[in-house]
$ cat query_21.cif   # mmCIF, C-alpha atoms
data_coords
loop_
_atom_site.label_atom_id
_atom_site.label_comp_id
_atom_site.auth_asym_id
_atom_site.auth_seq_id
_atom_site.Cartn_x
_atom_site.Cartn_y
_atom_site.Cartn_z
CA MET O 1 -63.46 49.07 -14.75
CA MET O 2 -66.65 47.93 -16.48
CA GLU O 3 -68.43 50.24 -18.89
CA GLU O 4 -72.13 51.01 -18.51
CA ALA O 5 -74.72 49.17 -20.58
CA THR O 6 -75.70 51.03 -23.73
CA THR O 7 -79.25 52.28 -24.22
CA ALA O 8 -80.75 52.95 -27.65
CA SER O 9 -81.78 56.54 -28.33
CA SER O 10 -85.45 55.77 -28.91
CA PRO O 11 -87.93 53.16 -27.62
CA SER O 12 -88.41 50.14 -29.85
CA SER O 13 -91.50 49.82 -32.01
CA SER O 14 -92.16 46.43 -30.46
CA SER O 15 -91.93 48.06 -27.03
CA ALA O 16 -94.36 50.76 -28.15
CA ALA O 17 -96.75 48.09 -29.46
CA ALA O 18 -96.46 46.21 -26.19
CA ALA O 19 -97.14 49.39 -24.23
CA ALA O 20 -100.25 50.03 -26.30
CA ALA O 21 -101.43 46.56 -25.33
CA GLY O 22 -100.84 47.32 -21.65
CA GLU O 23 -97.46 45.59 -21.51
CA GLU O 24 -93.99 46.99 -20.93
CA GLU O 25 -91.21 45.24 -22.90
CA GLU O 26 -87.45 45.58 -23.33
CA VAL O 27 -85.19 43.71 -25.76
CA TRP O 28 -81.43 43.60 -25.12
CA SER O 29 -78.58 42.03 -27.09
CA TRP O 30 -74.81 41.68 -26.89
CA GLY O 31 -71.88 39.64 -28.24
CA ALA O 32 -70.89 38.83 -31.82
CA GLY O 33 -72.52 41.28 -34.21
CA THR O 34 -70.46 41.54 -37.38
CA ASP O 35 -73.31 40.05 -39.46
CA GLY O 36 -75.96 42.36 -38.03
CA GLN O 37 -77.43 39.63 -35.81
CA LEU O 38 -77.66 41.88 -32.73
CA GLY O 39 -80.29 44.13 -34.30
CA THR O 40 -78.35 47.26 -33.35
CA GLY O 41 -78.10 48.51 -36.93
CA ARG O 42 -74.31 48.09 -36.77
CA LEU O 43 -71.88 45.45 -38.02
CA ALA O 44 -69.93 45.24 -34.79
CA ASP O 45 -69.56 43.20 -31.61
CA GLU O 46 -71.06 44.59 -28.41
CA HIS O 47 -69.31 43.76 -25.14
CA LEU O 48 -72.14 45.17 -23.04
CA PRO O 49 -75.92 44.79 -23.27
CA ARG O 50 -77.56 47.20 -25.68
CA LEU O 51 -81.25 48.14 -25.45
CA LEU O 52 -82.65 47.67 -28.93
CA SER O 53 -84.88 49.74 -31.13
CA LEU O 54 -86.57 47.06 -33.20
CA SER O 55 -89.24 47.89 -35.77
CA LEU O 56 -91.81 45.22 -34.98
CA PRO O 57 -95.59 45.70 -35.06
CA SER O 58 -96.24 43.74 -31.85
CA SER O 59 -94.51 42.20 -28.86
CA ILE O 60 -92.17 39.23 -29.30
CA SER O 61 -93.43 35.87 -28.11
CA LEU O 62 -90.32 33.85 -29.05
CA LEU O 63 -86.79 34.31 -30.41
CA ALA O 64 -84.55 31.76 -32.11
CA CYS O 65 -80.84 32.53 -32.41
CA GLY O 66 -78.63 30.64 -34.85
CA GLY O 67 -75.06 30.82 -36.11
CA ALA O 68 -75.36 34.50 -37.00
CA HIS O 69 -79.07 35.11 -37.61
CA VAL O 70 -82.15 35.70 -35.47
CA ILE O 71 -85.82 34.81 -35.99
CA ALA O 72 -88.51 36.64 -34.04
CA LEU O 73 -92.04 35.33 -33.67
CA SER O 74 -94.57 38.03 -32.88
CA SER O 75 -97.53 37.60 -30.56
CA GLY O 76 -99.77 37.45 -33.66
CA GLY O 77 -97.90 34.57 -35.31
CA ARG O 78 -95.92 36.69 -37.79
CA VAL O 79 -92.23 36.01 -38.44
CA PHE O 80 -89.34 38.47 -38.75
CA SER O 81 -85.64 37.77 -39.22
CA TRP O 82 -82.31 39.55 -39.44
CA GLY O 83 -78.53 38.92 -39.41
CA ARG O 84 -76.53 36.78 -41.82
CA GLY O 85 -78.52 35.67 -44.86
CA SER O 86 -75.86 34.36 -47.25
CA SER O 87 -77.45 30.89 -47.41
CA GLY O 88 -81.04 32.11 -47.57
CA GLN O 89 -81.65 31.32 -43.89
CA LEU O 90 -83.56 34.59 -43.33
CA GLY O 91 -86.34 33.43 -45.65
CA HIS O 92 -86.57 36.75 -47.49
CA GLY O 93 -86.46 35.26 -50.98
CA GLU O 94 -82.85 36.16 -51.62
CA ALA O 95 -79.44 35.12 -50.32
CA ALA O 96 -78.36 38.50 -48.95
CA THR O 97 -75.06 38.97 -47.15
CA ASN O 98 -76.78 40.39 -44.08
CA CYS O 99 -79.85 42.24 -42.89
CA LEU O 100 -79.35 44.81 -40.12
CA THR O 101 -82.97 45.26 -39.05
CA PRO O 102 -85.95 42.91 -38.68
CA LYS O 103 -87.67 42.11 -41.95
CA ALA O 104 -90.90 40.16 -42.35
CA VAL O 105 -90.81 36.67 -43.84
CA THR O 106 -93.62 37.51 -46.24
CA SER O 107 -94.07 34.06 -47.76
CA LEU O 108 -95.42 32.89 -44.39
CA GLU O 109 -97.95 35.72 -44.03
CA GLY O 110 -100.85 33.38 -44.81
CA TYR O 111 -100.03 31.17 -41.84
CA CYS O 112 -100.10 31.62 -38.08
CA ILE O 113 -96.63 30.46 -37.07
CA ALA O 114 -96.40 28.87 -33.63
CA GLY O 115 -92.76 27.75 -33.47
CA VAL O 116 -89.40 28.69 -35.01
CA SER O 117 -85.83 27.42 -34.83
CA ALA O 118 -82.50 28.76 -36.11
CA GLY O 119 -79.56 26.50 -36.94
CA TRP O 120 -76.07 27.46 -38.03
CA SER O 121 -77.27 28.52 -41.49
CA HIS O 122 -80.79 27.13 -41.88
CA SER O 123 -84.18 27.85 -40.33
CA GLY O 124 -87.41 26.05 -39.52
CA PHE O 125 -90.99 27.28 -39.00
CA VAL O 126 -94.04 25.41 -37.67
CA SER O 127 -97.59 26.65 -38.17
CA ASP O 128 -100.41 26.29 -35.64
CA THR O 129 -101.95 23.67 -37.96
CA GLY O 130 -98.81 21.50 -37.90
CA CYS O 131 -97.20 22.44 -41.22
CA LEU O 132 -93.39 22.56 -41.37
CA PHE O 133 -91.39 24.97 -43.54
CA THR O 134 -87.60 25.20 -43.89
CA CYS O 135 -85.11 27.42 -45.72
CA GLY O 136 -81.40 28.20 -45.87
CA ASP O 137 -78.43 25.93 -46.41
CA GLY O 138 -79.47 22.48 -47.62
CA SER O 139 -76.07 21.06 -48.56
CA PHE O 140 -76.37 18.24 -45.99
CA GLY O 141 -80.09 17.61 -46.52
CA GLN O 142 -80.94 19.54 -43.33
CA LEU O 143 -84.02 21.12 -44.97
CA GLY O 144 -85.71 17.74 -45.40
CA HIS O 145 -86.80 18.25 -49.02
CA GLY O 146 -85.18 15.12 -50.44
CA ASN O 147 -82.29 16.97 -52.06
CA LEU O 148 -79.14 18.92 -51.17
CA GLU O 149 -80.36 22.25 -52.51
CA SER O 150 -80.51 25.48 -50.55
CA CYS O 151 -83.50 27.80 -50.71
CA SER O 152 -84.05 31.42 -49.71
CA SER O 153 -87.82 31.23 -49.09
CA PRO O 154 -89.47 28.79 -46.66
CA ILE O 155 -90.73 25.67 -48.44
CA GLU O 156 -93.12 23.20 -46.87
CA VAL O 157 -91.57 19.82 -46.06
CA SER O 158 -93.82 17.51 -48.08
CA TYR O 159 -92.91 14.40 -46.08
CA PHE O 160 -95.05 15.70 -43.20
CA LEU O 161 -98.10 16.75 -45.26
CA SER O 162 -100.26 14.06 -43.66
CA LYS O 163 -98.77 14.52 -40.19
CA HIS O 164 -98.99 17.22 -37.51
CA VAL O 165 -95.60 18.73 -36.70
CA ASP O 166 -95.34 20.08 -33.16
CA GLN O 167 -91.70 21.27 -32.99
CA ILE O 168 -88.62 21.82 -35.14
CA ALA O 169 -85.05 21.99 -33.77
CA CYS O 170 -82.21 23.06 -36.07
CA GLY O 171 -78.59 22.16 -35.29
CA MET O 172 -75.36 22.83 -37.13
CA ARG O 173 -76.15 20.65 -40.17
CA HIS O 174 -79.13 18.58 -39.05
CA SER O 175 -82.72 19.03 -37.93
CA LEU O 176 -85.06 17.23 -35.54
CA VAL O 177 -88.86 17.19 -35.73
CA LEU O 178 -91.37 16.25 -33.03
CA LEU O 179 -94.82 15.10 -34.16
CA LYS O 180 -98.11 15.10 -32.30
CA GLY O 181 -99.86 11.76 -32.06
CA ASP O 182 -98.82 8.15 -31.54
CA LEU O 183 -95.88 7.42 -29.21
CA ASN O 184 -94.10 5.42 -31.91
CA ASN O 185 -92.07 7.36 -34.50
CA ARG O 186 -92.74 10.75 -32.97
CA VAL O 187 -89.20 12.09 -33.44
CA TYR O 188 -87.68 12.43 -36.91
CA GLY O 189 -84.34 13.72 -38.14
CA PHE O 190 -82.65 14.71 -41.39
CA GLY O 191 -79.36 16.23 -42.51
CA SER O 192 -75.84 15.29 -41.44
CA CYS O 193 -75.58 12.01 -39.52
CA LYS O 194 -71.85 11.30 -39.49
CA ARG O 195 -71.59 11.93 -35.72
CA GLY O 196 -74.71 9.93 -34.85
CA GLN O 197 -76.98 12.97 -34.48
CA LEU O 198 -79.79 11.19 -36.39
CA GLY O 199 -79.53 8.06 -34.30
CA PRO O 200 -78.89 4.58 -35.74
CA THR O 201 -78.93 4.50 -39.55
CA SER O 202 -79.19 1.54 -41.91
CA ASN O 203 -75.88 2.46 -43.51
CA ARG O 204 -72.95 4.71 -42.70
CA THR O 205 -74.03 7.56 -44.93
CA ARG O 206 -72.84 11.02 -44.07
CA SER O 207 -76.28 12.58 -44.48
CA THR O 208 -79.90 11.99 -45.38
CA SER O 209 -82.17 14.54 -47.07
CA LEU O 210 -85.46 12.84 -46.23
CA PRO O 211 -86.87 12.64 -42.68
CA GLN O 212 -86.29 9.36 -40.90
CA ALA O 213 -87.66 8.20 -37.55
CA ILE O 214 -85.14 8.30 -34.70
CA GLN O 215 -84.86 4.72 -33.43
CA GLY O 216 -84.54 4.11 -29.71
CA LEU O 217 -87.32 6.41 -28.47
CA GLU O 218 -90.24 4.06 -29.08
CA ASN O 219 -92.98 4.05 -26.42
CA ILE O 220 -91.46 7.11 -24.74
CA GLU O 221 -93.64 10.21 -24.65
CA ILE O 222 -91.27 12.93 -25.88
CA VAL O 223 -92.38 16.50 -25.17
CA SER O 224 -89.47 18.50 -26.61
CA VAL O 225 -86.44 18.09 -28.89
CA VAL O 226 -83.21 20.10 -28.97
CA ALA O 227 -80.41 20.27 -31.55
CA SER O 228 -77.14 22.23 -31.51
CA GLY O 229 -73.80 21.64 -33.16
CA ASP O 230 -73.70 17.89 -33.84
CA HIS O 231 -75.69 17.07 -30.69
CA SER O 232 -79.32 15.94 -30.36
CA ALA O 233 -81.49 15.60 -27.26
CA ALA O 234 -85.06 14.89 -26.24
CA LEU O 235 -87.04 15.38 -23.03
CA SER O 236 -89.78 12.97 -21.96
CA SER O 237 -93.03 13.77 -20.16
CA GLY O 238 -91.55 11.99 -17.14
CA GLY O 239 -88.64 14.43 -16.95
CA ARG O 240 -86.00 12.08 -18.41
CA VAL O 241 -83.32 13.33 -20.82
CA TYR O 242 -82.11 11.36 -23.84
CA THR O 243 -79.08 12.45 -25.85
CA TRP O 244 -77.24 11.21 -28.94
CA GLY O 245 -74.76 12.45 -31.55
CA ARG O 246 -71.31 13.92 -31.06
CA GLY O 247 -69.61 12.77 -27.87
CA PHE O 248 -69.07 15.31 -25.14
CA PRO O 249 -65.39 16.06 -24.40
CA GLY O 250 -63.67 12.83 -23.38
CA PHE O 251 -66.48 10.59 -24.67
CA SER O 252 -67.13 8.81 -27.97
CA ASP O 253 -69.95 9.67 -30.36
CA VAL O 254 -73.32 8.12 -29.52
CA HIS O 255 -75.31 6.65 -32.42
CA SER O 256 -78.45 5.79 -30.46
CA PRO O 257 -80.38 7.78 -27.81
CA ILE O 258 -79.17 7.15 -24.26
CA GLU O 259 -80.79 8.32 -21.05
CA LEU O 260 -78.68 10.69 -18.97
CA PRO O 261 -78.32 9.31 -15.44
CA SER O 262 -80.20 11.51 -12.98
CA LEU O 263 -82.54 10.89 -10.06
CA LEU O 264 -84.06 14.35 -10.54
CA ARG O 265 -86.98 15.30 -12.77
CA ILE O 266 -85.80 17.53 -15.63
CA LYS O 267 -87.94 20.27 -17.20
CA GLN O 268 -85.57 21.94 -19.71
CA ILE O 269 -82.52 21.06 -21.84
CA ALA O 270 -80.11 23.33 -23.70
CA LEU O 271 -77.22 22.21 -25.90
CA GLY O 272 -73.98 23.94 -26.86
CA TRP O 273 -71.27 22.60 -29.13
CA ASN O 274 -69.42 20.86 -26.29
CA HIS O 275 -71.75 21.04 -23.32
CA ALA O 276 -75.32 20.47 -22.20
CA LEU O 277 -77.43 22.20 -19.56
CA VAL O 278 -80.40 20.64 -17.80
CA LEU O 279 -82.83 22.33 -15.41
CA THR O 280 -84.59 20.36 -12.68
CA ASP O 281 -88.16 20.88 -11.50
CA GLY O 282 -86.69 22.37 -8.34
CA GLY O 283 -84.83 25.10 -10.22
CA GLU O 284 -81.36 23.55 -10.00
CA ALA O 285 -79.07 23.99 -13.02
CA LEU O 286 -76.80 21.07 -13.98
CA ILE O 287 -74.11 20.94 -16.66
CA LEU O 288 -72.40 18.25 -18.69
CA GLY O 289 -69.11 18.72 -20.58
CA GLY O 290 -67.42 21.87 -21.83
CA ASN O 291 -63.75 22.68 -21.27
CA ARG O 292 -64.46 26.39 -20.93
CA HIS O 293 -67.28 25.96 -18.45
CA GLY O 294 -65.51 24.93 -15.29
CA VAL O 295 -66.62 21.28 -15.33
CA LEU O 296 -64.19 18.99 -17.13
CA GLY O 297 -61.13 21.22 -17.05
CA ASN O 298 -58.10 19.97 -18.97
CA LEU O 299 -58.63 16.51 -20.52
CA GLU O 300 -54.94 15.65 -20.16
CA ASN O 301 -55.08 16.30 -16.42
CA LEU O 302 -58.10 14.03 -16.17
CA GLY O 303 -56.31 11.22 -18.02
CA LEU O 304 -58.92 11.17 -20.82
CA ILE O 305 -56.72 11.94 -23.82
CA ASN O 306 -56.17 8.27 -24.70
CA HIS O 307 -59.12 6.82 -22.83
CA ARG O 308 -62.73 7.37 -23.75
CA PRO O 309 -65.02 5.93 -21.06
CA ASP O 310 -68.42 4.41 -21.76
CA VAL O 311 -71.24 6.93 -22.09
CA SER O 312 -72.84 5.44 -18.97
CA ALA O 313 -70.11 7.28 -17.07
CA LEU O 314 -71.54 10.67 -18.04
CA VAL O 315 -72.13 12.73 -14.92
CA LEU O 316 -74.25 15.85 -14.52
CA GLU O 317 -72.58 18.42 -12.27
CA ARG O 318 -74.16 21.37 -10.48
CA VAL O 319 -73.42 24.70 -12.15
CA PRO O 320 -70.96 26.28 -9.69
CA GLY O 321 -71.25 29.68 -8.05
CA LEU O 322 -75.04 30.04 -7.91
CA ASP O 323 -75.14 30.00 -4.08
CA GLY O 324 -78.56 28.41 -3.90
CA LYS O 325 -80.22 30.72 -6.45
CA LYS O 326 -83.26 29.13 -8.07
CA VAL O 327 -82.99 29.09 -11.87
CA MET O 328 -86.10 29.72 -13.98
CA GLN O 329 -84.68 29.35 -17.50
CA PHE O 330 -81.37 29.06 -19.34
CA ALA O 331 -79.84 29.01 -22.82
CA ALA O 332 -76.62 27.73 -24.38
CA GLY O 333 -74.51 29.23 -27.15
CA ALA O 334 -71.65 27.48 -28.91
CA GLU O 335 -69.42 27.70 -25.83
CA HIS O 336 -71.19 30.09 -23.47
CA SER O 337 -74.23 29.79 -21.24
CA ALA O 338 -76.80 32.16 -19.76
CA LEU O 339 -79.57 31.86 -17.18
CA VAL O 340 -82.35 33.76 -15.45
CA THR O 341 -82.88 33.38 -11.69
CA GLU O 342 -86.13 33.46 -9.75
CA ASP O 343 -85.35 37.11 -8.91
CA MET O 344 -85.09 37.95 -12.66
CA GLU O 345 -81.31 38.30 -12.51
CA VAL O 346 -79.45 37.50 -15.73
CA MET O 347 -76.17 35.58 -15.37
CA THR O 348 -73.65 34.36 -17.97
CA TRP O 349 -70.45 32.32 -18.11
CA GLY O 350 -68.17 30.45 -20.52
CA TRP O 351 -66.44 31.71 -23.67
CA GLY O 352 -66.32 35.51 -23.89
CA GLU O 353 -64.20 36.34 -26.95
CA HIS O 354 -66.95 38.34 -28.69
CA GLY O 355 -68.44 39.93 -25.57
CA GLN O 356 -71.24 37.36 -25.50
CA LEU O 357 -71.19 37.34 -21.70
CA GLY O 358 -72.21 41.02 -21.60
CA LEU O 359 -69.69 41.86 -18.89
CA GLY O 360 -67.78 44.60 -20.72
CA SER O 361 -64.79 42.45 -21.67
CA THR O 362 -63.75 39.48 -23.80
CA CYS O 363 -62.68 37.35 -20.84
CA ASP O 364 -63.87 33.78 -20.24
CA TRP O 365 -65.60 32.96 -16.97
CA ILE O 366 -66.03 29.49 -15.45
CA GLU O 367 -68.79 30.55 -13.03
CA PRO O 368 -71.99 32.57 -13.66
CA GLN O 369 -71.60 36.35 -13.41
CA GLN O 370 -74.46 38.81 -13.07
CA VAL O 371 -75.18 41.00 -16.11
CA SER O 372 -76.35 44.59 -15.62
CA LEU O 373 -79.33 45.59 -17.78
CA GLY O 374 -80.08 49.28 -17.41
CA HIS O 375 -81.12 50.99 -14.21
CA THR O 376 -84.37 49.20 -13.34
CA LEU O 377 -84.17 46.58 -10.62
CA PRO O 378 -84.50 42.96 -11.86
CA ASP O 379 -87.63 42.38 -9.76
CA HIS O 380 -89.36 45.25 -11.61
CA TRP O 381 -90.05 42.66 -14.33
CA ALA O 382 -92.64 39.90 -14.26
CA LYS O 383 -90.99 37.85 -17.01
CA CYS O 384 -87.46 37.54 -18.35
CA SER O 385 -86.49 35.24 -21.23
CA ILE O 386 -82.96 34.57 -22.46
CA TYR O 387 -81.71 33.25 -25.82
CA CYS O 388 -78.21 32.40 -27.10
CA GLY O 389 -76.82 32.24 -30.61
CA SER O 390 -73.43 30.73 -31.33
CA GLY O 391 -71.58 33.78 -29.98
CA PHE O 392 -74.27 36.26 -28.93
CA THR O 393 -77.08 36.68 -26.41
CA PHE O 394 -80.58 38.21 -26.32
CA VAL O 395 -82.84 39.02 -23.36
CA ILE O 396 -86.52 40.00 -23.43
CA ARG O 397 -88.05 41.45 -20.24
CA SER O 398 -91.72 42.32 -19.84
CA ARG O 399 -94.51 43.05 -17.38
CA THR O 400 -98.05 44.37 -17.53
CA SER O 401 -97.97 48.16 -17.28
CA ASN O 402 -100.28 48.24 -14.25
CA GLY O 403 -98.72 45.21 -12.59
CA PRO O 404 -97.20 45.57 -9.14
CA HIS O 405 -93.46 45.56 -8.71
CA GLN O 406 -91.16 46.00 -5.75
CA ASP O 407 -89.94 49.53 -6.49
CA ASP O 408 -93.40 51.10 -6.84
#
$ encode --input "query_21.cif" --output "structure tokens"
Amino acid sequence: MMEEATTASSPSSSSAAAAAAGEEEEVWSWGAGTDGQLGTGRLADEHLPRLLSLSLPSSISLLACGGAHVIALSSGGRVFSWGRGSSGQLGHGEAATNCLTPKAVTSLEGYCIAGVSAGWSHSGFVSDTGCLFTCGDGSFGQLGHGNLESCSSPIEVSYFLSKHVDQIACGMRHSLVLLKGDLNNRVYGFGSCKRGQLGPTSNRTRSTSLPQAIQGLENIEIVSVVASGDHSAALSSGGRVYTWGRGFPGFSDVHSPIELPSLLRIKQIALGWNHALVLTDGGEALILGGNRHGVLGNLENLGLINHRPDVSALVLERVPGLDGKKVMQFAAGAEHSALVTEDMEVMTWGWGEHGQLGLGSTCDWIEPQQVSLGHTLPDHWAKCSIYCGSGFTFVIRSRTSNGPHQDD
């Protein structure tokens, strides 16, 4: 029998700040938590969603979840982080083992931060004026500073001083950057490139510590970039998806961006370590790869152990078990996935060893299962956003306090 979701004993400070601004907000987390990444104040996994009591001065506009750390961007452009900090990825000026509660990244206080990203053990921050800052593990050059040094406070990436950075995406050991401006050379990468995650390189180096333009995306208007594990992906303004890097199960590594075959217009991409999710304009969720996700199954049964087909054979499959539900947003962890439906229902599936599915057990599921978040009906909320770290999950739900909802 499933346990009930756990509720914190007091309302969160961020929720109180949101309420003062006429907005109701809840933040939930579950899954791997032994580095403090869940924000519960405990070093323990949570198999069920837990309503958090975060000490933040304002509502959260964006979360980024990494290997075992979390970055929160407040509605005022301030940055807070918590979880594992052993490589300096929290940006607090010291390489602490872990941080159990949100702490401000004070070195960025003079900037209005507009975007954040969390990799396995490094972090990236983009200001509203297009400046890029990185911190954490730099042993593969993933910070972009021209060396292999790690740093515990965000440092501006000097290569982009004369450019306007729009987005940063941090993977396992590499980073992607999207610039505003000319169509040519808009996407850059740095860090590990041994699996092709930086695209074609002039030599077979294992890594590069200075940003280099990703070749193969020229004259394509890219609107977003995604990095996770050793995978890289980009989405064009025309709704086309391009991917490169580590091969999905059964396929070889790809050292140059290829377009995923699809007749549908895509509006969102999410990457795990062995799978990819894409969301169509019509709210249909599709999946590629992933042995634990009910798509490829056992490679030996499929005859792919000794045969690696051409990447043109990649096929996007419908996520099973949704029964026609329209999907609004999704997220991918290392080997689990989560989504939000049009009715504000939260559903998860995939690897469940750390409770990251929020279903009260450590079982794996190959089809999406609904997650229970407290006693309010899902349609009470006007907005629901979901985020996945490698083995954990966060949900933020909000609505204006005087807004109509179905159970009034």
$ residues_around --input "query_21.cif" --residues "Lys180 (chain O)" --least-positions-apart "4" --cutoff "12 Å" --atoms "only C-alpha atoms" --output "list of chain:residue names"
O:Asp128, O:Thr129, O:Gly130, O:Cys131, O:Phe160, O:Ser162, O:Lys163, O:His164, O:Val165, O:Asp166, O:Gln167, O:Ile168, O:Asn184, O:Asn185, O:Arg186, O:Val187, O:Tyr188, O:Glu221, O:Ile222, O:Val223, O:Ser224
$ residues_around --input "query_21.cif" --residues "Ile155 (chain O)" --least-positions-apart "2" --cutoff "8 Å" --atoms "all atoms listed in the file" --output "number ranges by chain"
O: 133-135, 151, 153, 157
$ closest_residue --input "query_21.cif" --among "O:Gly245, O:Gly355, O:Thr400, O:Val254" --to "Gly33 (chain O)" --atoms "only C-alpha atoms"
O:Gly355
$ closest_residue --input "query_21.cif" --among "O:Arg318, O:His255, O:Arg84, O:Lys326" --to "Asp281 (chain O)" --atoms "only C-alpha atoms"
O:Lys326
$ atom_distance --input "query_21.cif" --atom1 "CA of Ala95 (chain O)" --atom2 "CA of Ser209 (chain O)"
21.0 Å
$ atom_distance --input "query_21.cif" --atom1 "CA of Val340 (chain O)" --atom2 "CA of Cys112 (chain O)"
28.8 Å
$ closest_residue --input "query_21.cif" --among "O:Thr393, O:Gln268, O:Ser87, O:Asn98" --to "Asp35 (chain O)" --atoms "all atoms listed in the file"
O:Asn98
$ resolve_selection --input "query_21.cif" --expression "the PyMOL selection byres ((chain O and resi 211-214) around 10)" --output "MDAnalysis selection string"
chainID O and resid 141:146 157 159:160 175:178 184:191 197:201 208:210 215:218 256:257
$ resolve_selection --input "query_21.cif" --expression "the PyMOL selection byres ((chain O and resi 392) around 8)" --output "PyMOL selection string"
chain O and resi 29-33+38+333+354-357+388-391+393-394
